[in-house]
Every structure is written in structure tokens, then in C-alpha cells.
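J.: I am sharing start_22.cif, which consists of mmCIF, C-alpha atoms:
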data_target
#
loop_
_atom_site.label_atom_id
_atom_site.label_comp_id
_atom_site.auth_asym_id
_atom_site.auth_seq_id
_atom_site.Cartn_x
_atom_site.Cartn_y
_atom_site.Cartn_z
CA MET V 95 0.00 0.00 0.00
CA ALA V 96 0.98 3.59 -0.48
CA ASP V 97 2.48 4.98 2.70
CA THR V 98 0.56 8.26 2.64
CA LYS V 99 -2.60 8.50 4.69
CA ARG V 100 -5.78 7.30 3.00
CA ILE V 101 -8.59 9.81 3.11
CA THR V 102 -11.92 8.34 4.27
CA GLY V 103 -14.98 8.90 2.09
CA LYS V 104 -18.12 10.51 3.45
CA LYS V 105 -21.27 8.44 4.05
CA ASN V 106 -22.73 9.36 0.68
CA PRO V 107 -24.69 6.92 -1.55
CA LEU V 108 -22.55 8.12 -4.46
CA PHE V 109 -19.55 6.72 -2.58
CA GLN V 110 -20.98 3.20 -2.12
CA ARG V 111 -19.07 1.09 -4.59
CA GLU V 112 -18.61 -2.59 -5.32
CA ASP V 113 -16.27 -4.86 -7.26
CA LEU V 114 -17.26 -6.09 -10.71
CA ASP V 115 -16.06 -9.01 -12.81
CA LEU V 116 -13.37 -8.01 -15.29
CA GLY V 117 -14.51 -6.49 -18.56
CA ASN V 118 -13.71 -3.57 -20.77
CA TYR V 119 -15.86 -0.63 -19.74
CA LEU V 120 -13.84 2.38 -20.91
CA SER V 121 -16.49 4.75 -22.33
CA PRO V 122 -17.73 6.64 -24.29
CA LEU V 123 -15.60 5.41 -27.19
CA PRO V 124 -15.37 6.88 -30.68
CA VAL V 125 -17.06 4.27 -32.88
CA THR V 126 -15.69 4.62 -36.39
CA LEU V 127 -15.89 3.10 -39.86
CA VAL V 128 -12.46 1.78 -40.78
CA SER V 129 -12.19 1.38 -44.55
CA SER V 130 -9.58 -0.63 -46.40
CA GLN V 131 -9.10 -2.35 -49.74
CA ARG V 132 -6.83 -5.04 -51.10
CA PRO V 133 -5.94 -4.97 -54.84
CA GLY V 134 -8.57 -7.04 -56.63
CA ASP V 135 -11.01 -6.84 -53.72
CA ARG V 136 -14.07 -4.66 -53.30
CA PRO V 137 -13.71 -1.84 -50.74
CA ASN V 138 -14.48 -2.92 -47.17
CA ALA V 139 -15.54 -1.14 -43.99
CA LEU V 140 -15.47 -2.38 -40.43
CA ALA V 141 -16.95 -0.73 -37.33
CA ILE V 142 -14.26 -0.20 -34.72
CA ALA V 143 -14.61 1.34 -31.28
CA TRP V 144 -11.35 -0.04 -29.97
CA ASN V 145 -9.23 2.79 -31.20
CA GLY V 146 -7.55 5.86 -29.79
CA ILE V 147 -5.10 8.69 -30.21
CA VAL V 148 -1.62 7.55 -29.18
CA ASN V 149 0.76 10.33 -30.23
CA SER V 150 0.72 13.96 -31.35
CA LYS V 151 4.07 14.48 -33.11
CA PRO V 152 3.68 12.74 -35.49
CA PRO V 153 -0.10 12.35 -35.17
CA MET V 154 -0.74 8.66 -34.53
CA VAL V 155 -3.75 6.51 -33.75
CA SER V 156 -4.28 2.89 -32.80
CA ILE V 157 -6.92 0.36 -33.76
CA SER V 158 -7.27 -3.16 -32.33
CA LEU V 159 -8.39 -5.96 -34.62
CA GLN V 160 -9.23 -9.63 -34.17
CA ARG V 161 -7.32 -11.86 -36.56
CA SER V 162 -10.59 -13.43 -37.73
CA ARG V 163 -11.90 -10.19 -39.27
CA TYR V 164 -11.53 -9.89 -43.04
CA SER V 165 -10.07 -6.39 -42.61
CA TYR V 166 -7.21 -7.79 -40.54
CA GLU V 167 -5.32 -9.35 -43.47
CA THR V 168 -6.20 -6.47 -45.80
CA ILE V 169 -4.77 -3.86 -43.44
CA LYS V 170 -1.75 -5.99 -42.60
CA GLU V 171 -0.96 -6.57 -46.30
CA THR V 172 -1.61 -3.07 -47.61
CA GLY V 173 -0.35 -1.24 -44.49
CA GLU V 174 -3.16 1.27 -44.90
CA PHE V 175 -6.61 2.12 -43.57
CA VAL V 176 -8.89 5.13 -43.25
CA ILE V 177 -10.70 6.01 -40.02
CA ASN V 178 -14.02 7.61 -41.00
CA LEU V 179 -15.90 9.38 -38.21
CA PRO V 180 -19.63 8.74 -38.66
CA ASP V 181 -22.48 11.14 -37.99
CA LEU V 182 -26.03 10.36 -36.91
CA ALA V 183 -27.06 9.62 -40.50
CA LEU V 184 -24.43 6.87 -40.57
CA ALA V 185 -25.22 5.33 -37.16
CA LYS V 186 -27.13 2.39 -38.59
CA ALA V 187 -24.45 1.85 -41.25
CA VAL V 188 -21.82 1.68 -38.49
CA ASP V 189 -23.73 -1.05 -36.72
CA TYR V 190 -24.25 -2.93 -39.99
CA CYS V 191 -20.51 -2.79 -40.73
CA GLY V 192 -19.84 -4.21 -37.26
CA VAL V 193 -22.32 -7.08 -37.60
CA LYS V 194 -21.74 -8.10 -41.24
CA SER V 195 -18.63 -9.51 -42.90
CA TYR V 196 -17.06 -8.75 -46.28
CA ARG V 197 -17.14 -12.52 -46.84
CA ASP V 198 -20.96 -12.55 -46.91
CA THR V 199 -22.03 -9.30 -48.53
CA ASP V 200 -21.03 -6.03 -50.22
CA LYS V 201 -21.53 -3.57 -47.37
CA PHE V 202 -20.96 -0.50 -49.58
CA LYS V 203 -23.64 -1.64 -52.02
CA ASP V 204 -26.05 -2.66 -49.25
CA LEU V 205 -25.71 0.74 -47.57
CA GLY V 206 -25.39 2.92 -50.67
CA LEU V 207 -22.07 4.32 -49.47
CA HIS V 208 -19.59 6.05 -51.78
CA ILE V 209 -15.82 6.02 -51.70
CA GLU V 210 -13.12 8.47 -52.73
CA SER V 211 -9.34 8.25 -52.88
CA MET V 212 -7.47 9.42 -49.82
CA PRO V 213 -4.37 11.63 -50.32
CA GLY V 214 -1.14 9.86 -49.37
CA LEU V 215 -2.67 6.39 -49.54
CA ASN V 216 -2.43 3.92 -52.42
CA GLN V 217 -5.11 1.39 -51.50
CA ALA V 218 -7.49 2.31 -48.71
CA PRO V 219 -10.42 4.51 -49.81
CA ALA V 220 -12.28 7.06 -47.69
CA ILE V 221 -16.04 7.00 -47.18
CA LEU V 222 -17.50 10.09 -48.84
CA GLU V 223 -20.55 10.28 -46.54
CA ALA V 224 -18.41 10.61 -43.39
CA PRO V 225 -17.88 14.12 -41.96
CA LEU V 226 -14.20 13.35 -41.39
CA SER V 227 -11.69 10.83 -42.73
CA LEU V 228 -8.20 10.18 -41.38
CA GLY V 229 -5.78 8.49 -43.78
CA CYS V 230 -3.52 6.12 -41.83
CA GLN V 231 -0.31 4.24 -42.60
CA VAL V 232 0.55 1.31 -40.33
CA ARG V 233 3.84 1.73 -38.47
CA ASP V 234 3.80 -1.21 -36.06
CA ILE V 235 1.67 -4.21 -35.03
CA HIS V 236 1.67 -5.77 -31.55
CA ALA V 237 -0.07 -9.09 -30.81
CA LEU V 238 -1.77 -8.72 -27.42
CA GLY V 239 -3.91 -11.87 -27.14
CA SER V 240 -7.41 -11.75 -28.59
CA HIS V 241 -6.53 -8.66 -30.63
CA ASP V 242 -3.59 -7.20 -32.50
CA LEU V 243 -2.83 -3.53 -31.90
CA PHE V 244 -2.11 -1.55 -35.09
CA LEU V 245 -0.20 1.69 -34.50
CA ALA V 246 -0.54 4.04 -37.45
CA GLU V 247 0.49 7.51 -38.51
CA ILE V 248 -2.14 9.92 -39.83
CA VAL V 249 -0.86 11.09 -43.22
CA SER V 250 -3.90 12.95 -44.56
CA ILE V 251 -7.21 14.38 -43.36
CA ARG V 252 -10.32 15.17 -45.33
CA ALA V 253 -13.37 16.90 -43.84
CA ARG V 254 -16.87 17.86 -44.96
CA SER V 255 -16.58 21.45 -46.22
CA ALA V 256 -19.73 22.52 -44.33
CA LEU V 257 -17.90 21.81 -41.05
CA ILE V 258 -15.02 24.19 -41.79
CA ASP V 259 -15.70 27.74 -40.59
CA LYS V 260 -14.56 31.08 -42.03
CA GLN V 261 -11.39 30.97 -39.92
CA LYS V 262 -10.60 27.58 -41.54
CA ALA V 263 -11.20 25.80 -38.22
CA LEU V 264 -12.95 22.43 -38.17
CA ARG V 265 -16.21 22.57 -36.15
CA LEU V 266 -16.22 18.86 -35.44
CA GLU V 267 -18.72 19.32 -32.58
CA ASP V 268 -21.32 20.30 -35.21
CA ALA V 269 -20.94 17.04 -37.14
CA GLY V 270 -23.44 14.99 -35.13
CA LEU V 271 -20.84 12.52 -33.87
CA ILE V 272 -21.76 9.26 -32.21
CA SER V 273 -20.14 7.21 -29.46
CA TYR V 274 -20.26 3.70 -28.05
CA VAL V 275 -20.92 2.81 -24.42
CA HIS V 276 -20.52 -0.89 -23.68
CA GLY V 277 -22.70 -2.23 -26.48
CA GLU V 278 -24.96 0.78 -27.08
CA TYR V 279 -24.69 3.79 -29.38
CA PHE V 280 -25.30 7.39 -28.28
CA SER V 281 -25.38 10.83 -29.84
CA LEU V 282 -23.14 13.62 -28.57
CA GLY V 283 -24.86 15.62 -25.82
CA SER V 284 -24.51 19.18 -24.57
CA TRP V 285 -21.45 21.35 -24.47
CA LEU V 286 -19.90 21.43 -20.99
CA GLY V 287 -16.75 23.50 -21.36
CA PHE V 288 -13.44 23.98 -23.11
CA PHE V 289 -9.94 22.87 -22.16
CA GLY V 290 -8.97 25.26 -19.37
CA TRP V 291 -12.51 26.29 -18.35
CA SER V 292 -11.92 25.21 -14.73
CA ILE V 293 -9.47 28.07 -14.27
CA ALA V 294 -10.97 30.53 -16.80
CA LYS V 295 -12.58 33.83 -15.83
CA ASP V 296 -16.32 33.54 -15.36
CA GLU V 297 -17.01 36.07 -18.14
CA VAL V 298 -14.99 33.99 -20.61
CA LEU V 299 -16.87 30.84 -19.65
CA GLN V 300 -20.25 32.59 -19.96
CA ARG V 301 -19.36 33.98 -23.39
CA ARG V 302 -18.16 30.63 -24.70
CA ARG V 303 -21.15 28.79 -23.21
CA LYS V 304 -23.54 31.25 -24.90
CA ALA V 305 -21.82 30.77 -28.24
CA ALA V 306 -21.87 26.97 -27.86
CA ARG V 307 -25.61 26.97 -27.01
CA ALA V 308 -26.31 29.17 -30.06
CA ARG V 309 -24.38 26.77 -32.26
CA GLU V 310 -26.29 23.81 -30.80
CA LYS V 311 -29.56 25.46 -31.84
CA LYS V 312 -28.40 26.18 -35.39
CA ARG V 313 -26.90 22.73 -35.87
CA LYS V 314 -27.85 21.02 -39.12
CA TYR V 315 -26.26 17.61 -38.90
CA GLY V 316 -26.11 17.04 -35.17
CA LYS V 317 -29.80 16.48 -34.56
CA LEU V 318 -31.75 13.28 -34.26
CA SER V 319 -34.23 12.89 -37.08
CA MET Q 144 -4.52 3.25 -56.62
CA ALA Q 145 -6.88 0.42 -55.96
CA ASP Q 146 -7.71 -1.36 -59.17
CA THR Q 147 -11.43 -1.71 -58.54
CA LYS Q 148 -13.73 0.92 -59.98
CA ARG Q 149 -14.21 4.04 -57.90
CA ILE Q 150 -17.82 4.92 -57.30
CA THR Q 151 -18.58 8.58 -57.98
CA GLY Q 152 -20.36 10.57 -55.29
CA LYS Q 153 -23.58 12.41 -55.96
CA LYS Q 154 -23.66 16.22 -56.19
CA ASN Q 155 -24.66 16.58 -52.57
CA PRO Q 156 -23.35 19.36 -50.27
CA LEU Q 157 -22.69 16.67 -47.67
CA PHE Q 158 -20.23 15.14 -50.13
CA GLN Q 159 -18.18 18.33 -50.65
CA ARG Q 160 -14.99 17.71 -48.74
CA GLU Q 161 -11.58 19.34 -48.43
CA ASP Q 162 -8.13 18.51 -47.12
CA LEU Q 163 -7.07 19.71 -43.69
CA ASP Q 164 -3.67 20.17 -42.10
CA LEU Q 165 -2.61 17.18 -40.03
CA GLY Q 166 -3.91 16.95 -36.48
CA ASN Q 167 -5.53 14.49 -34.19
CA TYR Q 168 -9.28 14.70 -34.56
CA LEU Q 169 -10.47 11.23 -33.52
CA SER Q 170 -13.62 11.98 -31.46
CA PRO Q 171 -15.52 11.75 -29.16
CA LEU Q 172 -12.87 10.44 -26.78
CA PRO Q 173 -13.39 9.12 -23.26
CA VAL Q 174 -11.78 11.76 -21.04
CA THR Q 175 -10.73 10.12 -17.80
CA LEU Q 176 -9.01 10.83 -14.50
CA VAL Q 177 -5.90 8.67 -14.28
CA SER Q 178 -4.80 8.33 -10.66
CA SER Q 179 -1.41 7.14 -9.46
CA GLN Q 180 0.82 7.42 -6.41
CA ARG Q 181 4.49 6.92 -5.69
CA PRO Q 182 5.53 5.81 -2.15
CA GLY Q 183 6.13 8.98 -0.15
CA ASP Q 184 4.15 11.15 -2.58
CA ARG Q 185 0.63 12.48 -2.29
CA PRO Q 186 -1.93 10.83 -4.63
CA ASN Q 187 -2.06 12.38 -8.08
CA ALA Q 188 -4.64 12.55 -10.86
CA LEU Q 189 -4.16 13.50 -14.50
CA ALA Q 190 -6.84 14.09 -17.15
CA ILE Q 191 -6.26 11.78 -20.11
CA ALA Q 192 -8.31 11.53 -23.29
CA TRP Q 193 -5.61 9.74 -25.23
CA ASN Q 194 -6.59 6.28 -24.12
CA GLY Q 195 -8.44 3.32 -25.52
CA ILE Q 196 -9.38 -0.34 -25.27
CA VAL Q 197 -6.71 -2.46 -26.96
CA ASN Q 198 -7.55 -6.08 -26.09
CA SER Q 199 -10.38 -8.16 -24.63
CA LYS Q 200 -8.68 -11.36 -23.43
CA PRO Q 201 -7.08 -10.30 -21.20
CA PRO Q 202 -8.86 -6.93 -20.91
CA MET Q 203 -6.26 -4.28 -21.74
CA VAL Q 204 -6.25 -0.53 -22.20
CA SER Q 205 -3.73 2.01 -23.38
CA ILE Q 206 -2.90 5.52 -22.23
CA SER Q 207 -0.44 7.90 -23.87
CA LEU Q 208 1.65 10.19 -21.69
CA GLN Q 209 4.12 12.97 -22.32
CA ARG Q 210 7.39 12.44 -20.48
CA SER Q 211 7.12 15.92 -18.94
CA ARG Q 212 4.00 15.02 -16.91
CA TYR Q 213 4.58 14.22 -13.24
CA SER Q 214 2.42 11.10 -13.59
CA TYR Q 215 4.78 9.71 -16.24
CA GLU Q 216 7.57 8.78 -13.82
CA THR Q 217 5.11 7.67 -11.14
CA ILE Q 218 3.35 5.24 -13.45
CA LYS Q 219 6.60 4.02 -14.97
CA GLU Q 220 8.13 3.36 -11.52
CA THR Q 221 5.10 1.82 -9.82
CA GLY Q 222 3.77 0.04 -12.93
CA GLU Q 223 0.23 0.93 -11.83
CA PHE Q 224 -2.55 3.41 -12.49
CA VAL Q 225 -6.31 3.63 -12.15
CA ILE Q 226 -8.56 4.92 -14.94
CA ASN Q 227 -11.51 6.67 -13.29
CA LEU Q 228 -14.46 7.47 -15.56
CA PRO Q 229 -15.87 10.85 -14.54
CA ASP Q 230 -19.52 11.91 -14.50
CA LEU Q 231 -20.97 15.38 -15.05
CA ALA Q 232 -20.33 16.32 -11.42
CA LEU Q 233 -16.61 15.68 -12.03
CA ALA Q 234 -16.36 17.49 -15.38
CA LYS Q 235 -14.74 20.60 -13.92
CA ALA Q 236 -12.40 18.44 -11.82
CA VAL Q 237 -11.28 16.63 -14.96
CA ASP Q 238 -10.37 19.89 -16.63
CA TYR Q 239 -8.55 21.08 -13.50
CA CYS Q 240 -6.52 17.85 -13.39
CA GLY Q 241 -5.56 18.41 -17.02
CA VAL Q 242 -4.48 22.02 -16.55
CA LYS Q 243 -2.72 21.79 -13.16
CA SER Q 244 0.41 19.87 -12.18
CA TYR Q 245 1.20 17.84 -9.04
CA ARG Q 246 4.35 19.96 -8.82
CA ASP Q 247 2.34 23.12 -8.10
CA THR Q 248 -0.66 22.05 -6.05
CA ASP Q 249 -2.53 19.24 -4.27
CA LYS Q 250 -5.31 18.52 -6.77
CA PHE Q 251 -7.16 16.14 -4.42
CA LYS Q 252 -7.25 18.78 -1.68
CA ASP Q 253 -8.21 21.57 -4.08
CA LEU Q 254 -11.10 19.53 -5.48
CA GLY Q 255 -12.19 17.77 -2.27
CA LEU Q 256 -11.75 14.37 -3.90
CA HIS Q 257 -11.44 11.16 -1.89
CA ILE Q 258 -9.38 8.06 -2.61
CA GLU Q 259 -9.77 4.39 -1.82
CA SER Q 260 -7.51 1.38 -2.33
CA MET Q 261 -7.98 -0.54 -5.56
CA PRO Q 262 -8.03 -4.38 -5.40
CA GLY Q 263 -4.99 -5.96 -7.03
CA LEU Q 264 -2.94 -2.77 -6.90
CA ASN Q 265 -0.29 -1.84 -4.33
CA GLN Q 266 0.20 1.84 -5.02
CA ALA Q 267 -2.33 3.56 -7.27
CA PRO Q 268 -5.54 4.64 -5.51
CA ALA Q 269 -9.00 4.93 -7.05
CA ILE Q 270 -11.07 8.12 -6.93
CA LEU Q 271 -14.13 7.42 -4.77
CA GLU Q 272 -16.32 10.03 -6.51
CA ALA Q 273 -15.96 8.37 -9.92
CA PRO Q 274 -18.81 6.10 -11.12
CA LEU Q 275 -16.27 3.55 -12.35
CA SER Q 276 -12.62 2.78 -11.68
CA LEU Q 277 -10.41 0.40 -13.66
CA GLY Q 278 -7.30 -0.87 -11.84
CA CYS Q 279 -4.45 -1.22 -14.34
CA GLN Q 280 -1.03 -2.89 -14.29
CA VAL Q 281 1.47 -1.75 -16.93
CA ARG Q 282 2.60 -4.55 -19.28
CA ASP Q 283 4.59 -2.62 -21.88
CA ILE Q 284 5.72 0.89 -22.81
CA HIS Q 285 6.43 2.08 -26.38
CA ALA Q 286 8.10 5.44 -27.11
CA LEU Q 287 6.30 6.94 -30.13
CA GLY Q 288 7.67 10.48 -30.32
CA SER Q 289 5.94 13.18 -28.30
CA HIS Q 290 4.21 10.53 -26.18
CA ASP Q 291 4.91 7.13 -24.67
CA LEU Q 292 2.20 4.51 -25.08
CA PHE Q 293 1.50 2.51 -21.90
CA LEU Q 294 -0.24 -0.82 -22.51
CA ALA Q 295 -1.86 -2.12 -19.34
CA GLU Q 296 -3.99 -5.01 -18.16
CA ILE Q 297 -7.17 -4.31 -16.21
CA VAL Q 298 -6.87 -6.33 -12.99
CA SER Q 299 -9.83 -4.97 -11.00
CA ILE Q 300 -13.00 -2.95 -11.49
CA ARG Q 301 -15.01 -1.00 -8.96
CA ALA Q 302 -18.35 0.66 -9.76
CA ARG Q 303 -20.84 2.90 -7.99
CA SER Q 304 -23.44 0.55 -6.48
CA ALA Q 305 -26.34 2.71 -7.70
CA LEU Q 306 -25.30 1.90 -11.31
CA ILE Q 307 -25.58 -1.88 -10.85
CA ASP Q 308 -29.08 -3.20 -11.59
CA LYS Q 309 -30.95 -6.15 -10.07
CA GLN Q 310 -29.49 -8.50 -12.68
CA LYS Q 311 -26.01 -7.39 -11.53
CA ALA Q 312 -25.42 -5.60 -14.84
CA LEU Q 313 -23.61 -2.27 -14.91
CA ARG Q 314 -25.83 0.51 -16.34
CA LEU Q 315 -22.91 2.66 -17.38
CA GLU Q 316 -25.12 4.71 -19.70
CA ASP Q 317 -26.89 6.06 -16.60
CA ALA Q 318 -23.68 7.40 -15.07
CA GLY Q 319 -23.67 10.79 -16.81
CA LEU Q 320 -20.45 10.15 -18.70
CA ILE Q 321 -18.54 12.89 -20.47
CA SER Q 322 -16.43 12.96 -23.61
CA TYR Q 323 -13.85 15.14 -25.29
CA VAL Q 324 -14.08 16.51 -28.84
CA HIS Q 325 -10.94 18.32 -29.95
CA GLY Q 326 -10.56 20.62 -26.94
CA GLU Q 327 -14.17 20.73 -25.74
CA TYR Q 328 -16.11 18.62 -23.25
CA PHE Q 329 -19.59 17.21 -23.91
CA SER Q 330 -22.19 15.20 -22.04
CA LEU Q 331 -23.51 11.92 -23.42
CA GLY Q 332 -26.53 12.45 -25.65
CA SER Q 333 -29.49 10.29 -26.61
CA TRP Q 334 -29.63 6.54 -27.02
CA LEU Q 335 -29.43 5.54 -30.70
CA GLY Q 336 -29.38 1.75 -30.68
CA PHE Q 337 -27.70 -1.40 -29.47
CA PHE Q 338 -25.04 -3.56 -31.08
CA GLY Q 339 -26.93 -5.45 -33.78
CA TRP Q 340 -29.87 -3.03 -34.11
CA SER Q 341 -29.27 -2.58 -37.84
CA ILE Q 342 -30.37 -6.17 -38.45
CA ALA Q 343 -32.79 -6.54 -35.52
CA LYS Q 344 -36.55 -6.96 -35.90
CA ASP Q 345 -38.41 -3.68 -35.76
CA GLU Q 346 -40.41 -4.77 -32.70
CA VAL Q 347 -37.19 -5.51 -30.79
CA LEU Q 348 -35.76 -2.10 -31.69
CA GLN Q 349 -39.00 -0.32 -30.67
CA ARG Q 350 -39.09 -2.13 -27.32
CA ARG Q 351 -35.45 -1.38 -26.53
CA ARG Q 352 -35.81 2.24 -27.64
CA LYS Q 353 -38.84 2.70 -25.38
CA ALA Q 354 -36.95 1.24 -22.42
CA ALA Q 355 -33.92 3.44 -23.14
CA ARG Q 356 -36.06 6.60 -23.33
CA ALA Q 357 -37.77 5.68 -20.04
CA ARG Q 358 -34.37 5.23 -18.39
CA GLU Q 359 -33.21 8.58 -19.79
CA LYS Q 360 -36.16 10.28 -18.08
CA LYS Q 361 -35.55 8.60 -14.71
CA ARG Q 362 -31.83 9.25 -14.80
CA LYS Q 363 -30.39 10.70 -11.60
CA TYR Q 364 -26.75 11.32 -12.38
CA GLY Q 365 -26.79 11.87 -16.11
CA LYS Q 366 -28.44 15.27 -16.14
CA LEU Q 367 -26.90 18.68 -16.38
CA SER Q 368 -27.48 20.70 -13.21
#
Would you encode the structure as C-alpha cells?

T.:
Amino acid sequence: MADTKRITGKKNPLFQREDLDLGNYLSPLPVTLVSSQRPGDRPNALAIAWNGIVNSKPPMVSISLQRSRYSYETIKETGEFVINLPDLALAKAVDYCGVKSYRDTDKFKDLGLHIESMPGLNQAPAILEAPLSLGCQVRDIHALGSHDLFLAEIVSIRARSALIDKQKALRLEDAGLISYVHGEYFSLGSWLGFFGWSIAKDEVLQRRRKAARAREKKRKYGKLS
Amino acid sequence: MADTKRITGKKNPLFQREDLDLGNYLSPLPVTLVSSQRPGDRPNALAIAWNGIVNSKPPMVSISLQRSRYSYETIKETGEFVINLPDLALAKAVDYCGVKSYRDTDKFKDLGLHIESMPGLNQAPAILEAPLSLGCQVRDIHALGSHDLFLAEIVSIRARSALIDKQKALRLEDAGLISYVHGEYFSLGSWLGFFGWSIAKDEVLQRRRKAARAREKKRKYGKLS
């Protein structure tokens, strides 16, 4: 045990806790459409929530894949994939791409999705309907047990023009992003604050909150139909 | 280029896209409080959004840390940390733990946070106020550039009792989780579906949607104050 004094919790129902069986509860996760393509194959897309940012310089992400997935060999062989962030309109497509396999059907045809080339990549296509696509080149693969961890560098980014403001900043919060919480999908909720808001002046926080609420009202793509 | 035929996108404003400068836009990310403690030190907590699930058997997660952070040496030396998922009540604390350093202040004292021991760990404490804590043992560290990637096995889980239902299932979606979208914090939004909903019978989807909406209304901890 740590040799500093343990602080005792108050008698508060929020503080009553119990042990759970092991599982992977980290949430909410970014659930994404990972597209890839092997020469001679049709394009493929897999739903992946087991992903994350791992480095900033250079920008790198990770995805974890089971060896049994069709995308596994494709990504290993081509060394490329595209992470496409879905919006609400794509939520059902994401689930479909997680449930169905390339081996059984043409997901792009079934869902009416379109592809486009991704700068810097030779094989993996981007999904045109996604608000944001990150072109990734695999740098390393680590076998961890049930999954292999693919570490990849982001080499190109393509975003929906309507999400880029006059200052050329990406308003990703207006895209209608979705997330994954232990088997269930959710929309993005309300704006809570910005990095640094806990020590910001109250007037700054009020101004930014007002602007965020105004943007939430105007939002085109972030609403449930 | 891939040698299969590229499908051309329709003339739809949603399909107008442009290239962006490189950056790390994967979103929404789970923003967590990572707690650790070195013998002789006070407990410490760092806000980390650069994390993810990397394996299921055994359950493993990753976090990426800059070497300059105080937590970096602590976690490297002790080989332990706890990922605490915050709720809305902890949103400001999360930001504070991301902005402030152990070197300058006692974050636990400033925020009135309490700690408890975490089963299976010798050093790193859990944060009692968090709805869920994942006890992690470091298995591997990879230097990637600006950040080091820590791969860790989850060895224990502790949850707020109020989030465990009569069937002993964790209702994590009721916790009031928060996420991080490129510098801004958001609450969890509305329920969209469950894994497999895209191919489920309509009556199943309607029943589950109705139950989810009823839970959203009853929710105690998931609402903005």
C-alpha cells in the first residue's frame, strides 16, 4: 500500500461502490468506420470502437483488430486504412458494418455508401458520406492476445466542407458525432466546457457557453431525425 | 490506386470535402481521470483523453503520456494506475486535473476528492467520486515520439453501487459520462441503438428504444445541473 494517509470517504450513496467481474468498460468510445481495400477486392468497412489517439508528433492513432476479421489481413498486407468518423445519419451503417462480414455481402452496395481516394494512400479509400476521414499508414503491429494492436500515422485528413468555418477551423462538434458505451450507441450531448474552463474567468466561460448553445440550436447535422 | 472501380459521389453538399492540415481529430474520446501514487508522494490525478481499449482477453487498455507530466515517472516506476471514468459532477475536476500539475498544487485537496484502495494494486488509488474505476497494471511501454504509449492489463473494477441493476449488470449509460471533442467537453446524448440493431426486428428495436427513453427520463446522475 501507499504509505501516505488514506482519506476516508463521506457516508454518501454516491460513494458506495462494489467490485465487478473483469470487462472492458472504458467509455464513451469513438465508434468509427475503418475502410480498407486489397488490390482485386471490393472496398471494405469495419466498425471499430477499440481505437484511440496515441501520439501527437507525429499524429498517430491505434486500432485493435481480431485476426478473424476480413479487414485484418487487408490492413496488414496493404499497411493502410482510413478512419471515417460517422455522424447520426451513418449510425445504422456503423452497426451494420460491425455485424456483417465482407465474406458474406457487399456492405458498400447494401448501404449505398460512396468512396473516394485518400491523399497519401495507395489502396485504402475514404467514405465520402463521413464528416471526417483520417488516412492512416501502419507503423507497427503488436499481438496482445485476442486482438492485434495496429499503431498508425495519420498522413492525410479530409473533412466535410460545411464543417469548416470562415477561420478555416474544423467545427467537429457540429458534425453529429456518435459514441459507443458498452454495447450501445449514443449521440453527442450538450457542451460542458473547453480545455482550461476550470481556471478561466467567469465572463470567458459565460461567453463561450452562450456561443456553444447558439451553435447547438443552429446545428444542421447534429440532430436526431 | 486500388484497381477496382471508384464509385462517384452524388452532387450533394454533404459530399463536398476538403483537405485539412494534419492533427488528431479522432472523437468523441473518453476523457478520464488517471490516478497514481508513488511511495512517499501524495496521490495524483491526471486528465487523459488519449486512451483506448486495446484487447479483450485479457482486458487491456492504453494511455499515452508525455514524459514531462509528473504522472509519467510515477506510473513508470510503480507500474500501476487507475482509470476513473468521470460523471458530469466531475467534469470541472477533470479539466482542473488536465491544466494543473502535481508539482504546483494538491489537486485532491483543491477539489475535495477522496481516494480508496484498488483491489490488485499496491500503489495507485482509485477516486471514490468516480462512477467507475479500472485498476491497471502496466505490461509494456512504447516510445512513439511526443508521447509514450502505456499498454496495461485491467486487474480490478469497482463501480458505484447505484449503477448496478438487479441483474447485476452495470448501467454505465446512466452514469452521466462525459467525452472530449478536440478541446471541448460534452455530455452523453441520446440513445441511438444497441449492437446489432441494424439487423434486428423492428419490434425488438421499438421495445429497446422505449426502455432506453424511459431510463433517460428517470436518470439521476446523467443530467446537467

J.: What's the separation between atom CA of Pro201 of chain Q and atom CA of Ala139 of chain V, in Å to one decimal place?

T.: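 So the answer is 26.0 Å.
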
J.: Using all atoms listed in the file, select each residue of chain V with any atom at most 6 Å away from an atom of chain Q, and give the selection as a count of residues only.

T.: 54

J.: Measure the distance from atom CA of Ser211 of chain Q to atom CA of Ser178 of chain Q in Å and round it to one decimal.

T.: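 These atoms are spaced 16.4 Å apart.
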
J.: Apply the PyMOL selection byres ((chain V and resi 165) around 8) to the file shown and report the selected residues as a PyMOL selection string.

T.: chain V and resi 130+138-140+163-164+166-169

J.: Between atom CA of Arg282 of chain Q and atom CA of Ala295 of chain Q, what is the distance in Å, rounded to a tenth?

T.: 5.1 Å

J.: Please, could N, CA and C atoms be added to segment 266-277 of chain Q and the result written as an mmCIF file, in the coordinates of the input?

T.:
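Result written to selection05.cif:
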data_model
loop_
_atom_site.group_PDB
_atom_site.id
_atom_site.type_symbol
_atom_site.label_atom_id
_atom_site.label_comp_id
_atom_site.auth_asym_id
_atom_site.auth_seq_id
_atom_site.Cartn_x
_atom_site.Cartn_y
_atom_site.Cartn_z
ATOM 1 N N GLN Q 266 -0.119 0.424 -5.154
ATOM 2 C CA GLN Q 266 0.200 1.840 -5.020
ATOM 3 C C GLN Q 266 -0.925 2.769 -5.470
ATOM 4 N N ALA Q 267 -1.393 2.576 -6.684
ATOM 5 C CA ALA Q 267 -2.330 3.560 -7.270
ATOM 6 C C ALA Q 267 -3.697 3.479 -6.593
ATOM 7 N N PRO Q 268 -4.220 4.624 -6.121
ATOM 8 C CA PRO Q 268 -5.540 4.640 -5.510
ATOM 9 C C PRO Q 268 -6.623 4.942 -6.542
ATOM 10 N N ALA Q 269 -7.857 4.560 -6.222
ATOM 11 C CA ALA Q 269 -9.000 4.930 -7.050
ATOM 12 C C ALA Q 269 -9.595 6.225 -6.517
ATOM 13 N N ILE Q 270 -10.356 6.911 -7.354
ATOM 14 C CA ILE Q 270 -11.070 8.120 -6.930
ATOM 15 C C ILE Q 270 -12.506 7.717 -6.582
ATOM 16 N N LEU Q 271 -12.846 7.901 -5.316
ATOM 17 C CA LEU Q 271 -14.130 7.420 -4.770
ATOM 18 C C LEU Q 271 -15.328 8.066 -5.451
ATOM 19 N N GLU Q 272 -15.210 9.293 -5.887
ATOM 20 C CA GLU Q 272 -16.320 10.030 -6.510
ATOM 21 C C GLU Q 272 -16.639 9.551 -7.920
ATOM 22 N N ALA Q 273 -15.743 8.780 -8.527
ATOM 23 C CA ALA Q 273 -15.960 8.370 -9.920
ATOM 24 C C ALA Q 273 -16.965 7.227 -9.987
ATOM 25 N N PRO Q 274 -17.852 7.210 -10.997
ATOM 26 C CA PRO Q 274 -18.810 6.100 -11.120
ATOM 27 C C PRO Q 274 -18.145 4.762 -11.418
ATOM 28 N N LEU Q 275 -16.951 4.800 -12.002
ATOM 29 C CA LEU Q 275 -16.270 3.550 -12.350
ATOM 30 C C LEU Q 275 -14.765 3.734 -12.298
ATOM 31 N N SER Q 276 -14.083 2.751 -11.725
ATOM 32 C CA SER Q 276 -12.620 2.780 -11.680
ATOM 33 C C SER Q 276 -12.066 1.458 -12.199
ATOM 34 N N LEU Q 277 -11.070 1.568 -13.076
ATOM 35 C CA LEU Q 277 -10.410 0.400 -13.660
ATOM 36 C C LEU Q 277 -8.978 0.339 -13.140
#
